[in-house]
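Undergrad: File model.pdb below, PDB, C-alpha atoms and all ligand atoms:
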ATOM      1  CA  MET V   1      60.523  63.140  -4.769
ATOM      2  CA  ASP V   2      57.332  61.074  -4.827
ATOM      3  CA  ARG V   3      58.000  58.578  -2.030
ATOM      4  CA  LEU V   4      54.466  58.956  -0.705
ATOM      5  CA  GLY V   5      52.531  59.019  -3.968
ATOM      6  CA  GLY V   6      49.087  57.471  -3.516
ATOM      7  CA  ARG V   7      49.325  57.506   0.284
ATOM      8  CA  VAL V   8      46.875  59.248   2.606
ATOM      9  CA  ALA V   9      48.155  60.970   5.763
ATOM     10  CA  LEU V  10      46.419  62.496   8.768
ATOM     11  CA  VAL V  11      48.479  64.992  10.769
ATOM     12  CA  THR V  12      47.156  66.328  14.088
ATOM     13  CA  GLY V  13      48.095  69.761  15.360
ATOM     14  CA  ALA V  14      48.907  70.685  11.772
ATOM     15  CA  ALA V  15      47.886  74.347  11.951
ATOM     16  CA  SER V  16      51.263  75.339  13.384
ATOM     17  CA  GLY V  17      54.926  74.506  13.893
ATOM     18  CA  ILE V  18      56.088  70.932  13.427
ATOM     19  CA  GLY V  19      52.649  69.659  12.391
ATOM     20  CA  ARG V  20      52.281  72.229   9.653
ATOM     21  CA  ALA V  21      55.792  71.604   8.326
ATOM     22  CA  THR V  22      55.049  67.874   8.383
ATOM     23  CA  ALA V  23      51.785  68.233   6.471
ATOM     24  CA  GLU V  24      53.619  70.329   3.873
ATOM     25  CA  ARG V  25      56.471  67.813   3.558
ATOM     26  CA  LEU V  26      54.206  64.762   3.271
ATOM     27  CA  ALA V  27      52.163  66.553   0.613
ATOM     28  CA  ALA V  28      55.337  67.565  -1.242
ATOM     29  CA  GLU V  29      56.290  63.882  -1.323
ATOM     30  CA  GLY V  30      52.965  62.958  -2.913
ATOM     31  CA  ALA V  31      50.594  62.185  -0.029
ATOM     32  CA  ALA V  32      47.019  63.439   0.249
ATOM     33  CA  VAL V  33      46.808  65.091   3.656
ATOM     34  CA  VAL V  34      44.071  65.539   6.232
ATOM     35  CA  VAL V  35      45.219  68.593   8.201
ATOM     36  CA  THR V  36      43.609  68.629  11.659
ATOM     37  CA  ASP V  37      43.755  71.021  14.609
ATOM     38  CA  ILE V  38      41.605  73.085  16.969
ATOM     39  CA  GLN V  39      42.919  76.379  15.505
ATOM     40  CA  ASP V  40      40.485  76.505  12.625
ATOM     41  CA  ASP V  41      41.622  79.629  10.784
ATOM     42  CA  ALA V  42      45.294  78.656  10.789
ATOM     43  CA  GLY V  43      44.450  75.034   9.978
ATOM     44  CA  ALA V  44      42.253  75.973   7.042
ATOM     45  CA  ALA V  45      44.969  78.334   5.789
ATOM     46  CA  ALA V  46      47.559  75.545   5.980
ATOM     47  CA  ALA V  47      45.346  73.148   3.999
ATOM     48  CA  LYS V  48      44.603  75.860   1.443
ATOM     49  CA  GLU V  49      48.280  76.621   0.985
ATOM     50  CA  ILE V  50      49.093  72.936   0.512
ATOM     51  CA  ALA V  51      46.235  72.527  -1.964
ATOM     52  CA  GLY V  52      47.614  75.575  -3.782
ATOM     53  CA  THR V  53      50.764  73.563  -4.585
ATOM     54  CA  GLY V  54      48.634  71.065  -6.461
ATOM     55  CA  ALA V  55      48.562  68.495  -3.641
ATOM     56  CA  ARG V  56      45.378  67.123  -2.129
ATOM     57  CA  ALA V  57      44.627  68.523   1.343
ATOM     58  CA  VAL V  58      41.578  69.186   3.508
ATOM     59  CA  TYR V  59      41.246  70.786   6.930
ATOM     60  CA  LEU V  60      39.161  69.319   9.723
ATOM     61  CA  HIS V  61      38.464  70.643  13.230
ATOM     62  CA  HIS V  62      39.691  67.855  15.495
ATOM     63  CA  ASP V  63      40.333  67.935  19.223
ATOM     64  CA  VAL V  64      42.616  64.943  19.875
ATOM     65  CA  THR V  65      41.137  64.447  23.352
ATOM     66  CA  SER V  66      37.687  63.700  21.869
ATOM     67  CA  GLU V  67      36.714  60.169  20.855
ATOM     68  CA  ASP V  68      33.944  61.525  18.621
ATOM     69  CA  ASP V  69      36.377  63.848  16.858
ATOM     70  CA  TRP V  70      38.755  60.932  16.231
ATOM     71  CA  LYS V  71      35.964  58.816  14.743
ATOM     72  CA  ALA V  72      34.990  61.716  12.488
ATOM     73  CA  ALA V  73      38.585  62.433  11.446
ATOM     74  CA  VAL V  74      39.304  58.850  10.443
ATOM     75  CA  ALA V  75      35.956  58.634   8.616
ATOM     76  CA  ARG V  76      36.792  61.853   6.752
ATOM     77  CA  ALA V  77      40.122  60.435   5.558
ATOM     78  CA  ALA V  78      38.287  57.406   4.185
ATOM     79  CA  GLU V  79      35.515  59.474   2.561
ATOM     80  CA  GLU V  80      37.757  62.124   1.092
ATOM     81  CA  PHE V  81      40.789  60.106   0.032
ATOM     82  CA  GLY V  82      39.755  56.420   0.283
ATOM     83  CA  GLY V  83      41.716  55.247   3.325
ATOM     84  CA  LEU V  84      44.558  56.045   5.691
ATOM     85  CA  ASP V  85      48.196  54.997   5.394
ATOM     86  CA  ILE V  86      50.052  57.475   7.614
ATOM     87  CA  LEU V  87      49.027  58.796  11.026
ATOM     88  CA  VAL V  88      51.131  61.528  12.635
ATOM     89  CA  ASN V  89      50.160  62.112  16.252
ATOM     90  CA  ASN V  90      51.740  65.532  16.622
ATOM     91  CA  ALA V  91      49.263  67.742  18.522
ATOM     92  CA  GLY V  92      50.642  68.751  21.887
ATOM     93  CA  MET V  93      51.104  71.426  24.490
ATOM     94  CA  GLY V  94      53.357  71.998  27.447
ATOM     95  CA  ASP V  95      53.895  74.186  30.491
ATOM     96  CA  LEU V  96      56.788  75.319  32.646
ATOM     97  CA  LYS V  97      55.367  74.817  36.153
ATOM     98  CA  THR V  98      56.972  72.697  38.858
ATOM     99  CA  ILE V  99      55.300  69.701  40.443
ATOM    100  CA  GLU V 100      54.185  71.769  43.456
ATOM    101  CA  GLU V 101      52.590  74.395  41.212
ATOM    102  CA  THR V 102      50.860  71.994  38.817
ATOM    103  CA  THR V 103      47.173  71.533  39.616
ATOM    104  CA  LEU V 104      45.370  68.251  39.055
ATOM    105  CA  ASP V 105      43.326  69.890  36.286
ATOM    106  CA  GLU V 106      46.502  71.054  34.527
ATOM    107  CA  TRP V 107      48.051  67.588  34.867
ATOM    108  CA  GLU V 108      44.950  65.928  33.437
ATOM    109  CA  ARG V 109      44.684  68.409  30.559
ATOM    110  CA  THR V 110      48.300  67.860  29.498
ATOM    111  CA  VAL V 111      47.998  64.085  29.764
ATOM    112  CA  ALA V 112      44.712  64.178  27.823
ATOM    113  CA  ILE V 113      46.281  66.006  24.875
ATOM    114  CA  ASP V 114      49.854  64.701  24.848
ATOM    115  CA  GLN V 115      49.238  61.087  25.881
ATOM    116  CA  THR V 116      45.573  60.053  25.637
ATOM    117  CA  GLY V 117      45.296  61.770  22.248
ATOM    118  CA  VAL V 118      47.982  59.438  20.906
ATOM    119  CA  PHE V 119      46.203  56.378  22.328
ATOM    120  CA  LEU V 120      42.903  57.443  20.758
ATOM    121  CA  GLY V 121      44.545  58.119  17.429
ATOM    122  CA  MET V 122      46.058  54.671  17.120
ATOM    123  CA  LYS V 123      42.911  53.016  18.472
ATOM    124  CA  TYR V 124      40.558  54.622  15.973
ATOM    125  CA  ALA V 125      42.916  54.533  12.994
ATOM    126  CA  ALA V 126      43.847  50.869  13.558
ATOM    127  CA  GLU V 127      41.395  49.377  11.071
ATOM    128  CA  LEU V 128      42.286  51.668   8.170
ATOM    129  CA  LEU V 129      46.020  51.446   8.873
ATOM    130  CA  ALA V 130      45.871  47.636   8.826
ATOM    131  CA  ALA V 131      43.947  47.737   5.539
ATOM    132  CA  SER V 132      46.637  49.986   4.022
ATOM    133  CA  GLY V 133      49.261  47.267   3.595
ATOM    134  CA  HIS V 134      51.993  49.812   4.421
ATOM    135  CA  GLY V 135      50.634  51.663   7.416
ATOM    136  CA  SER V 136      52.922  53.931   9.386
ATOM    137  CA  VAL V 137      52.329  55.778  12.634
ATOM    138  CA  VAL V 138      54.700  58.491  13.788
ATOM    139  CA  ASN V 139      54.133  59.696  17.324
ATOM    140  CA  ILE V 140      55.790  62.971  18.280
ATOM    141  CA  SER V 141      57.288  62.537  21.737
ATOM    142  CA  SER V 142      60.197  64.716  22.895
ATOM    143  CA  ILE V 143      63.692  64.663  24.346
ATOM    144  CA  PHE V 144      61.643  65.321  27.498
ATOM    145  CA  GLY V 145      60.015  61.910  27.034
ATOM    146  CA  ALA V 146      63.349  60.290  27.858
ATOM    147  CA  SER V 147      65.074  62.722  30.226
ATOM    148  CA  GLY V 148      64.318  64.930  33.203
ATOM    149  CA  GLY V 149      64.829  68.151  31.239
ATOM    150  CA  PHE V 150      64.856  71.218  33.476
ATOM    151  CA  GLY V 151      63.119  69.498  36.396
ATOM    152  CA  ALA V 152      59.841  71.274  35.579
ATOM    153  CA  SER V 153      56.771  70.396  33.445
ATOM    154  CA  PRO V 154      56.051  67.056  35.182
ATOM    155  CA  ALA V 155      52.855  66.280  33.271
ATOM    156  CA  TYR V 156      54.579  66.954  29.944
ATOM    157  CA  HIS V 157      57.473  64.634  30.842
ATOM    158  CA  ALA V 158      55.118  61.919  32.063
ATOM    159  CA  ALA V 159      52.952  62.117  28.954
ATOM    160  CA  LYS V 160      55.858  62.218  26.485
ATOM    161  CA  GLY V 161      57.532  59.302  28.299
ATOM    162  CA  ALA V 162      54.288  57.367  27.984
ATOM    163  CA  VAL V 163      54.194  58.073  24.241
ATOM    164  CA  ARG V 164      57.684  56.572  23.939
ATOM    165  CA  THR V 165      56.747  53.204  25.469
ATOM    166  CA  LEU V 166      53.200  53.182  24.071
ATOM    167  CA  SER V 167      54.738  53.463  20.600
ATOM    168  CA  LYS V 168      56.982  50.446  21.212
ATOM    169  CA  ASN V 169      54.085  48.468  22.690
ATOM    170  CA  VAL V 170      51.805  49.033  19.696
ATOM    171  CA  ALA V 171      54.744  48.499  17.313
ATOM    172  CA  LEU V 172      55.057  44.957  18.685
ATOM    173  CA  HIS V 173      51.313  44.344  18.539
ATOM    174  CA  TRP V 174      51.140  45.421  14.881
ATOM    175  CA  ALA V 175      54.553  44.127  13.749
ATOM    176  CA  GLU V 176      53.073  41.316  11.666
ATOM    177  CA  LYS V 177      50.104  43.355  10.489
ATOM    178  CA  GLY V 178      52.035  45.642   8.179
ATOM    179  CA  VAL V 179      51.704  48.705  10.388
ATOM    180  CA  ARG V 180      54.904  50.279  11.728
ATOM    181  CA  VAL V 181      54.904  52.531  14.789
ATOM    182  CA  ASN V 182      57.789  54.819  15.690
ATOM    183  CA  SER V 183      58.346  57.842  17.888
ATOM    184  CA  ILE V 184      60.263  61.010  17.080
ATOM    185  CA  HIS V 185      61.908  62.939  19.891
ATOM    186  CA  PRO V 186      62.515  66.525  18.856
ATOM    187  CA  GLY V 187      65.001  68.682  20.709
ATOM    188  CA  PHE V 188      64.280  72.404  21.021
ATOM    189  CA  ILE V 189      62.553  73.475  17.822
ATOM    190  CA  ALA V 190      61.678  77.079  16.979
ATOM    191  CA  THR V 191      57.849  76.973  17.071
ATOM    192  CA  PRO V 192      55.151  78.882  19.004
ATOM    193  CA  ILE V 193      55.220  76.237  21.788
ATOM    194  CA  LEU V 194      58.550  77.726  22.976
ATOM    195  CA  GLU V 195      57.175  81.272  23.262
ATOM    196  CA  GLN V 196      56.293  80.752  26.932
ATOM    197  CA  ALA V 197      60.016  80.257  27.636
ATOM    198  CA  LYS V 198      60.958  83.688  26.236
ATOM    199  CA  GLY V 199      62.737  85.804  28.843
ATOM    200  CA  THR V 200      63.057  82.910  31.321
ATOM    201  CA  PRO V 201      66.262  81.002  32.184
ATOM    202  CA  VAL V 202      64.888  78.157  30.066
ATOM    203  CA  GLU V 203      65.468  80.215  26.911
ATOM    204  CA  GLN V 204      69.259  80.390  27.441
ATOM    205  CA  GLY V 205      69.302  76.815  28.765
ATOM    206  CA  MET V 206      67.901  75.476  25.515
ATOM    207  CA  LEU V 207      70.823  76.819  23.522
ATOM    208  CA  MET V 208      73.437  75.939  26.126
ATOM    209  CA  LEU V 209      72.236  72.323  26.362
ATOM    210  CA  THR V 210      72.107  71.788  22.607
ATOM    211  CA  PRO V 211      75.581  70.776  21.386
ATOM    212  CA  MET V 212      74.912  72.201  17.916
ATOM    213  CA  GLY V 213      74.257  75.571  19.591
ATOM    214  CA  ARG V 214      71.022  76.473  17.828
ATOM    215  CA  LEU V 215      67.319  75.669  17.861
ATOM    216  CA  GLY V 216      66.014  73.165  15.334
ATOM    217  CA  ARG V 217      63.644  74.022  12.512
ATOM    218  CA  PRO V 218      60.209  72.388  12.109
ATOM    219  CA  GLU V 219      61.294  71.188   8.657
ATOM    220  CA  GLU V 220      64.070  69.133  10.285
ATOM    221  CA  ILE V 221      61.460  67.146  12.212
ATOM    222  CA  ALA V 222      59.205  66.884   9.150
ATOM    223  CA  ALA V 223      62.073  65.252   7.245
ATOM    224  CA  GLY V 224      62.263  62.523   9.903
ATOM    225  CA  VAL V 225      58.505  61.978   9.763
ATOM    226  CA  ALA V 226      58.624  61.644   5.972
ATOM    227  CA  TYR V 227      61.373  59.033   6.247
ATOM    228  CA  LEU V 228      59.513  56.969   8.849
ATOM    229  CA  ALA V 229      56.257  57.277   6.896
ATOM    230  CA  SER V 230      57.856  56.045   3.678
ATOM    231  CA  ASP V 231      58.936  52.628   2.464
ATOM    232  CA  ASP V 232      62.535  53.738   3.001
ATOM    233  CA  ALA V 233      61.790  52.784   6.617
ATOM    234  CA  SER V 234      60.037  49.516   5.716
ATOM    235  CA  PHE V 235      62.056  47.504   8.321
ATOM    236  CA  VAL V 236      61.900  50.190  11.012
ATOM    237  CA  THR V 237      59.405  49.813  13.830
ATOM    238  CA  GLY V 238      59.530  50.552  17.558
ATOM    239  CA  LEU V 239      62.338  53.057  16.936
ATOM    240  CA  GLU V 240      62.792  56.234  18.943
ATOM    241  CA  LEU V 241      64.353  58.755  16.561
ATOM    242  CA  TYR V 242      66.085  61.715  18.211
ATOM    243  CA  ILE V 243      66.303  64.871  16.104
ATOM    244  CA  ASP V 244      67.827  67.120  18.689
ATOM    245  CA  GLY V 245      71.106  68.746  17.663
ATOM    246  CA  GLY V 246      72.943  66.296  19.919
ATOM    247  CA  TYR V 247      71.003  66.972  23.161
ATOM    248  CA  MET V 248      70.641  63.291  24.080
ATOM    249  CA  ALA V 249      74.282  62.503  23.275
ATOM    250  CA  ARG V 250      75.485  64.427  26.292
TER     251      ARG V 250
HETATM  252  P1  LIG E   1      52.865  74.376  18.198
HETATM  253  O1  LIG E   1      52.272  75.023  19.392
HETATM  254  O2  LIG E   1      53.358  75.210  17.085
HETATM  255  O3  LIG E   1      51.837  73.323  17.582
HETATM  256  C1  LIG E   1      51.019  72.479  18.378
HETATM  257  C2  LIG E   1      49.679  72.365  17.690
HETATM  258  O4  LIG E   1      48.867  71.448  18.443
HETATM  259  C3  LIG E   1      48.928  73.724  17.671
HETATM  260  O5  LIG E   1      48.519  74.028  16.346
HETATM  261  C4  LIG E   1      47.749  73.489  18.592
HETATM  262  O6  LIG E   1      46.577  74.174  18.198
HETATM  263  C5  LIG E   1      47.568  71.981  18.469
HETATM  264  N1  LIG E   1      46.788  71.441  19.586
HETATM  265  C6  LIG E   1      46.904  71.746  20.912
HETATM  266  N2  LIG E   1      45.959  71.100  21.615
HETATM  267  C7  LIG E   1      45.244  70.369  20.713
HETATM  268  C8  LIG E   1      44.135  69.491  20.817
HETATM  269  N3  LIG E   1      43.552  69.234  22.000
HETATM  270  N4  LIG E   1      43.654  68.903  19.697
HETATM  271  C9  LIG E   1      44.223  69.168  18.499
HETATM  272  N5  LIG E   1      45.262  69.996  18.325
HETATM  273  C10 LIG E   1      45.761  70.586  19.432
HETATM  274  O7  LIG E   1      54.036  73.458  18.778
HETATM  275  P2  LIG E   1      55.068  72.449  18.068
HETATM  276  O8  LIG E   1      56.379  72.748  18.607
HETATM  277  O9  LIG E   1      54.868  72.414  16.616
HETATM  278  O10 LIG E   1      54.593  71.074  18.715
HETATM  279  C11 LIG E   1      54.260  69.921  17.955
HETATM  280  C12 LIG E   1      54.607  68.693  18.779
HETATM  281  O11 LIG E   1      56.017  68.610  18.939
HETATM  282  C13 LIG E   1      53.995  68.685  20.178
HETATM  283  O12 LIG E   1      53.549  67.372  20.478
HETATM  284  C14 LIG E   1      55.175  69.058  21.045
HETATM  285  O13 LIG E   1      55.033  68.590  22.357
HETATM  286  C15 LIG E   1      56.313  68.375  20.304
HETATM  287  N6  LIG E   1      57.634  68.881  20.632
HETATM  288  C16 LIG E   1      57.982  70.174  20.351
HETATM  289  C17 LIG E   1      59.225  70.643  20.688
HETATM  290  C18 LIG E   1      59.673  72.036  20.407
HETATM  291  O14 LIG E   1      60.724  72.444  20.906
HETATM  292  N7  LIG E   1      58.952  72.830  19.639
HETATM  293  C19 LIG E   1      60.199  69.767  21.359
HETATM  294  C20 LIG E   1      59.752  68.417  21.569
HETATM  295  C21 LIG E   1      58.499  68.018  21.224
END
For this file, write the structure as structure tokens.
Ligand code: NAI

TA:
Amino acid sequence: MDRLGGRVALVTGAASGIGRATAERLAAEGAAVVVTDIQDDAGAAAAKEIAGTGARAVYLHHDVTSEDDWKAAVARAAEEFGGLDILVNNAGMGDLKTIEETTLDEWERTVAIDQTGVFLGMKYAAELLAASGHGSVVNISSIFGASGGFGASPAYHAAKGAVRTLSKNVALHWAEKGVRVNSIHPGFIATPILEQAKGTPVEQGMLMLTPMGRLGRPEEIAAGVAYLASDDASFVTGLELYIDGGYMAR
């Protein structure tokens, strides 16, 4: 399939998990991919592996909380591949603390990565996305961006909820400019981010609360990103797409 032939994509947090699977899928569908992360060895390995398939891919160190890093990342996409058509704001982290246990520093760190990083991405990519003629932004929120989850991780819930409405807000602002903005809300996906839940009641809870009775695979989220990034979704903007094994249907 070559749905994304000639397109240029930037995927944040692409050294691992959902971001890596997404970078691989977009490249497999024909896109040139800027793989960005703060885990340099794993990020470089991901880009190398993608390039090894014959696709175009480069790795760039890119902390999504840094304005300077965003300016450099967008500039690199333009220099290396001539523009930017697809932005996937995927980088994220979470924690399992309660509101009483969460320090202000922890709150601000989570919001900086999971929420402000998405704002900065759209802000600094805006010009290139508008020039694309078929720009698409996919922001990775969560089922926890639209539900109370386990009653823990307040900063994560607040930030992911903000990504949900921020996506709709920018979707409206860009609706006539040829840039679509959608959010994807993964359920529990087997990636390193879930390792902190191992051996806690959350681990069993994830399976019990997922009607399909299993964790999702990163590739199942990547498939949704590829759809939203492609012209198959040319009339889709402001959507929140749940890929969650039925979690939100309960
Ligand atoms: P992961 O831990 O495998 O990947 C997250 C990536 O983000 C890592 O490579 C990490 O280095 C990178 N990252 C962290 N802070 C960063 C920063 N400041 N700048 C740039 N990169 C940074 O986790 P996973 O599961 O692949 O997560 C991807 C996204 O999916 C996150 O936004 C996460 O919140 C979201 N998500 C994941 C779910 C799951 O069950 N795995 C469920 C719902 C949402």

Undergrad: Residues contacting ligand LIG 1 (chain E) - anything with an atom at most 6 Å away, using all atoms listed in the file - can you give me those as a VMD selection string?

TA: chain V and resid 12 to 19 37 to 39 62 to 65 90 to 93 113 140 to 142 186 to 194

Undergrad: With C-alpha atoms retained, write the just-selected residues as a PDB file, in the frame of the given file.

TA:
ATOM      1  CA  THR V  12      47.156  66.328  14.088  1.00  0.00           C
ATOM      2  CA  GLY V  13      48.095  69.761  15.360  1.00  0.00           C
ATOM      3  CA  ALA V  14      48.907  70.685  11.772  1.00  0.00           C
ATOM      4  CA  ALA V  15      47.886  74.347  11.951  1.00  0.00           C
ATOM      5  CA  SER V  16      51.263  75.339  13.384  1.00  0.00           C
ATOM      6  CA  GLY V  17      54.926  74.506  13.893  1.00  0.00           C
ATOM      7  CA  ILE V  18      56.088  70.932  13.427  1.00  0.00           C
ATOM      8  CA  GLY V  19      52.649  69.659  12.391  1.00  0.00           C
ATOM      9  CA  ASP V  37      43.755  71.021  14.609  1.00  0.00           C
ATOM     10  CA  ILE V  38      41.605  73.085  16.969  1.00  0.00           C
ATOM     11  CA  GLN V  39      42.919  76.379  15.505  1.00  0.00           C
ATOM     12  CA  HIS V  62      39.691  67.855  15.495  1.00  0.00           C
ATOM     13  CA  ASP V  63      40.333  67.935  19.223  1.00  0.00           C
ATOM     14  CA  VAL V  64      42.616  64.943  19.875  1.00  0.00           C
ATOM     15  CA  THR V  65      41.137  64.447  23.352  1.00  0.00           C
ATOM     16  CA  ASN V  90      51.740  65.532  16.622  1.00  0.00           C
ATOM     17  CA  ALA V  91      49.263  67.742  18.522  1.00  0.00           C
ATOM     18  CA  GLY V  92      50.642  68.751  21.887  1.00  0.00           C
ATOM     19  CA  MET V  93      51.104  71.426  24.490  1.00  0.00           C
ATOM     20  CA  ILE V 113      46.281  66.006  24.875  1.00  0.00           C
ATOM     21  CA  ILE V 140      55.790  62.971  18.280  1.00  0.00           C
ATOM     22  CA  SER V 141      57.288  62.537  21.737  1.00  0.00           C
ATOM     23  CA  SER V 142      60.197  64.716  22.895  1.00  0.00           C
ATOM     24  CA  PRO V 186      62.515  66.525  18.856  1.00  0.00           C
ATOM     25  CA  GLY V 187      65.001  68.682  20.709  1.00  0.00           C
ATOM     26  CA  PHE V 188      64.280  72.404  21.021  1.00  0.00           C
ATOM     27  CA  ILE V 189      62.553  73.475  17.822  1.00  0.00           C
ATOM     28  CA  ALA V 190      61.678  77.079  16.979  1.00  0.00           C
ATOM     29  CA  THR V 191      57.849  76.973  17.071  1.00  0.00           C
ATOM     30  CA  PRO V 192      55.151  78.882  19.004  1.00  0.00           C
ATOM     31  CA  ILE V 193      55.220  76.237  21.788  1.00  0.00           C
ATOM     32  CA  LEU V 194      58.550  77.726  22.976  1.00  0.00           C
TER      33      LEU V 194
END

Undergrad: Around the point (58.0, 49.1, 3.4) in the file's coordinates, collect all residues with an atom within 10 Å, using only C-alpha atoms, and return them as number ranges by chain.

TA: V: 133-136, 178-180, 228-236

Undergrad: For a test of reading the model, state the distance in Å between CA of Ala32 in chain V and CA of Val8 in chain V, rounded to one decimal.

TA: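 CA of Val8 in chain V lies 4.8 Å from CA of Ala32 in chain V.
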
Undergrad: If you measure from CA of Val118 in chain V to CA of His185 in chain V, what distance in Å do you get, rounded to one decimal?

TA: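 Calculated distance between CA of Val118 in chain V and CA of His185 in chain V is 14.4 Å.
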
Undergrad: Would you please work out which residue, of V:Val181, V:Leu241, V:Val202, V:Ala75, is nearest to Leu128 in chain V when using all atoms listed in the file?

TA: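 Closest to Leu128 in chain V, using all atoms listed in the file: V:Ala75.
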